Amino acid sequence: MFFHPMDILIFAALGLAMWAQSKVKGNFEKWSKVQASAGMSGAQVARRILDKEGLHDVKLERSNKGTLSDHYDPSKKVVRLSDPVYNGNSISSLSVAAHEVGHAIQDATNYSMLVVRHKVFPVANFGSQLAPILLIGGFILDMFNLITVGIVLFSLAVLFQLVTLPVEYNASSRAKDKLVELGMISNNEVRGVSKVLNAAALTYVASTLMAVLQLIKFILIAKSRR
């Protein structure tokens, strides 16, 4: 029940996820040692982009959850930056700050995939919590209907991750465009920005791949139980 040939691919995806996470930390640390030519802090960059986009109502705050805890809170219209990003003036700091502002711009412009993600989140969150219980119970009790419900709920969680991919890549694309457009990075600094943002995006690719493979595994097992 617990081992399946798909587990080989799942373990490979897990390895990719771990490698991607190490790339995120490695690239952030590497480019955090390279000061951006503009001499601006992450907070200054974030505020300038927000103001240029007319998002004066979006607040900027420090995150109290440590390094790489940067995020945009759509419910409160707040961009929260960790201390290294908020105060830092490195390529890493500017990249992360601009990326989070990218999410604020998506929110303000009703970017379609972000709208979908917001709508899917409540059911996906519910599904991710309940699906494992139903799947384990269904497989142990050999109840196909229970397994089916578990798979449907898990599918919603996978859908959320799939939708998250274009949202993250789009935010990174917006970040690079704004940094260049507003002259906050030079042409030879674009490479560093890309390295930081692409490494972060890879973690989403790896986790999504792992979730999709798990879903396929559950479906195959369910079919064999019919």
# chains A, B, ... in the order shown; residues from 1 in each chain; ligands from 1
call {"tool": "select_by_dssp", "arguments": {"residues": "range 8-222 of chain A", "states": "alpha helix (DSSP H)", "output": "VMD selection string"}}
result
chain A and resid 8 to 31 42 to 52 83 to 87 91 to 108 112 to 141 144 to 181 190 to 222
call {"tool": "residues_around", "arguments": {"residues": "range 177-181 of chain A", "least_positions_apart": "2", "cutoff": "9 Å", "atoms": "only C-alpha atoms", "output": "list in words"}}
result
Val45, Ile49, Leu94, Ser95, Ala98, Gly102, Ser172, Ser173, Arg174, Ala175, Gly183, Met184, Ile185, Ser186, Asn187 and Val190 of chain A
call {"tool": "residues_around", "arguments": {"residues": "Lys65 in chain A", "least_positions_apart": "4", "cutoff": "9 Å", "atoms": "only C-alpha atoms", "output": "VMD selection string"}}
result
chain A and resid 69 to 70 82
call {"tool": "write_last_selection", "arguments": {"atoms": "N, CA, C and O atoms", "output": "mmCIF file, in the first residue's frame"}}
result
data_model
loop_
_atom_site.group_PDB
_atom_site.id
_atom_site.type_symbol
_atom_site.label_atom_id
_atom_site.label_comp_id
_atom_site.auth_asym_id
_atom_site.auth_seq_id
_atom_site.Cartn_x
_atom_site.Cartn_y
_atom_site.Cartn_z
ATOM 1 N N SER A 69 11.426 35.595 4.700
ATOM 2 C CA SER A 69 10.004 35.544 5.088
ATOM 3 C C SER A 69 9.216 36.630 4.362
ATOM 4 O O SER A 69 8.090 36.959 4.736
ATOM 5 N N ASP A 70 9.819 37.191 3.332
ATOM 6 C CA ASP A 70 9.220 38.288 2.572
ATOM 7 C C ASP A 70 7.939 37.827 1.878
ATOM 8 O O ASP A 70 7.892 36.732 1.315
ATOM 9 N N SER A 82 11.763 41.052 5.056
ATOM 10 C CA SER A 82 12.648 40.661 6.152
ATOM 11 C C SER A 82 13.738 41.718 6.304
ATOM 12 O O SER A 82 14.011 42.488 5.374
#
call {"tool": "closest_residue", "arguments": {"among": "A:Val193, A:Val120, A:Met113, A:Ala171", "to": "Ile91 in chain A", "atoms": "only C-alpha atoms"}}
result
A:Val193
call {"tool": "closest_residue", "arguments": {"among": "A:Val58, A:Asn89, A:Pro74, A:Val96", "to": "Lys195 in chain A", "atoms": "only C-alpha atoms"}}
result
A:Val96
call {"tool": "select_by_dssp", "arguments": {"residues": "chain A", "states": "strand (DSSP E)", "output": "list in words"}}
result
Lys59, Leu60, Glu61, Arg62, His71, Tyr72, Asp73, Val78, Val79, Arg80 and Leu81 of chain A
call {"tool": "write_last_selection", "arguments": {"atoms": "N, CA, C and O atoms", "output": "PDB file, in the first residue's frame"}}
result
ATOM      1  N   LYS A  59       0.917  49.431   2.048  1.00  0.00           N
ATOM      2  CA  LYS A  59       1.901  49.734   3.085  1.00  0.00           C
ATOM      3  C   LYS A  59       3.150  48.866   2.945  1.00  0.00           C
ATOM      4  O   LYS A  59       3.127  47.816   2.293  1.00  0.00           O
ATOM      5  N   LEU A  60       4.197  49.318   3.572  1.00  0.00           N
ATOM      6  CA  LEU A  60       5.471  48.603   3.571  1.00  0.00           C
ATOM      7  C   LEU A  60       5.903  48.388   5.015  1.00  0.00           C
ATOM      8  O   LEU A  60       6.009  49.349   5.782  1.00  0.00           O
ATOM      9  N   GLU A  61       6.115  47.137   5.397  1.00  0.00           N
ATOM     10  CA  GLU A  61       6.468  46.821   6.780  1.00  0.00           C
ATOM     11  C   GLU A  61       7.624  45.829   6.835  1.00  0.00           C
ATOM     12  O   GLU A  61       7.899  45.119   5.864  1.00  0.00           O
ATOM     13  N   ARG A  62       8.278  45.787   7.994  1.00  0.00           N
ATOM     14  CA  ARG A  62       9.284  44.761   8.247  1.00  0.00           C
ATOM     15  C   ARG A  62       8.585  43.468   8.660  1.00  0.00           C
ATOM     16  O   ARG A  62       7.635  43.496   9.429  1.00  0.00           O
ATOM     17  N   HIS A  71       6.911  38.661   1.904  1.00  0.00           N
ATOM     18  CA  HIS A  71       5.651  38.308   1.263  1.00  0.00           C
ATOM     19  C   HIS A  71       4.750  39.527   1.104  1.00  0.00           C
ATOM     20  O   HIS A  71       4.970  40.560   1.736  1.00  0.00           O
ATOM     21  N   TYR A  72       3.746  39.353   0.256  1.00  0.00           N
ATOM     22  CA  TYR A  72       2.712  40.381   0.097  1.00  0.00           C
ATOM     23  C   TYR A  72       1.427  39.851   0.695  1.00  0.00           C
ATOM     24  O   TYR A  72       1.006  38.723   0.383  1.00  0.00           O
ATOM     25  N   ASP A  73       0.803  40.627   1.546  1.00  0.00           N
ATOM     26  CA  ASP A  73      -0.453  40.240   2.194  1.00  0.00           C
ATOM     27  C   ASP A  73      -1.597  40.979   1.491  1.00  0.00           C
ATOM     28  O   ASP A  73      -1.810  42.162   1.731  1.00  0.00           O
ATOM     29  N   VAL A  78      -0.360  44.925   2.272  1.00  0.00           N
ATOM     30  CA  VAL A  78       0.933  45.205   2.898  1.00  0.00           C
ATOM     31  C   VAL A  78       2.023  44.349   2.275  1.00  0.00           C
ATOM     32  O   VAL A  78       1.849  43.139   2.103  1.00  0.00           O
ATOM     33  N   VAL A  79       3.142  44.977   1.930  1.00  0.00           N
ATOM     34  CA  VAL A  79       4.342  44.253   1.514  1.00  0.00           C
ATOM     35  C   VAL A  79       5.241  44.162   2.740  1.00  0.00           C
ATOM     36  O   VAL A  79       5.622  45.190   3.300  1.00  0.00           O
ATOM     37  N   ARG A  80       5.546  42.934   3.162  1.00  0.00           N
ATOM     38  CA  ARG A  80       6.398  42.737   4.336  1.00  0.00           C
ATOM     39  C   ARG A  80       7.752  42.189   3.896  1.00  0.00           C
ATOM     40  O   ARG A  80       7.826  41.179   3.202  1.00  0.00           O
ATOM     41  N   LEU A  81       8.797  42.858   4.312  1.00  0.00           N
ATOM     42  CA  LEU A  81      10.159  42.482   3.931  1.00  0.00           C
ATOM     43  C   LEU A  81      10.971  42.128   5.165  1.00  0.00           C
ATOM     44  O   LEU A  81      10.889  42.807   6.185  1.00  0.00           O
TER      45      LEU A  81
END
call {"tool": "atom_distance", "arguments": {"atom1": "CA of Trp31 in chain A", "atom2": "CA of Leu197 in chain A"}}
result
11.1 Å
call {"tool": "closest_residue", "arguments": {"among": "A:Lys217, A:Gly42, A:Ala222, A:Gln106", "to": "His4 in chain A", "atoms": "only C-alpha atoms"}}
result
A:Lys217
call {"tool": "residues_around", "arguments": {"residues": "Tyr204 in chain A", "least_positions_apart": "4", "cutoff": "9 Å", "atoms": "only C-alpha atoms", "output": "MDAnalysis selection string"}}
result
chainID A and resid 17 20 161:162 164:165 168 200 208:209
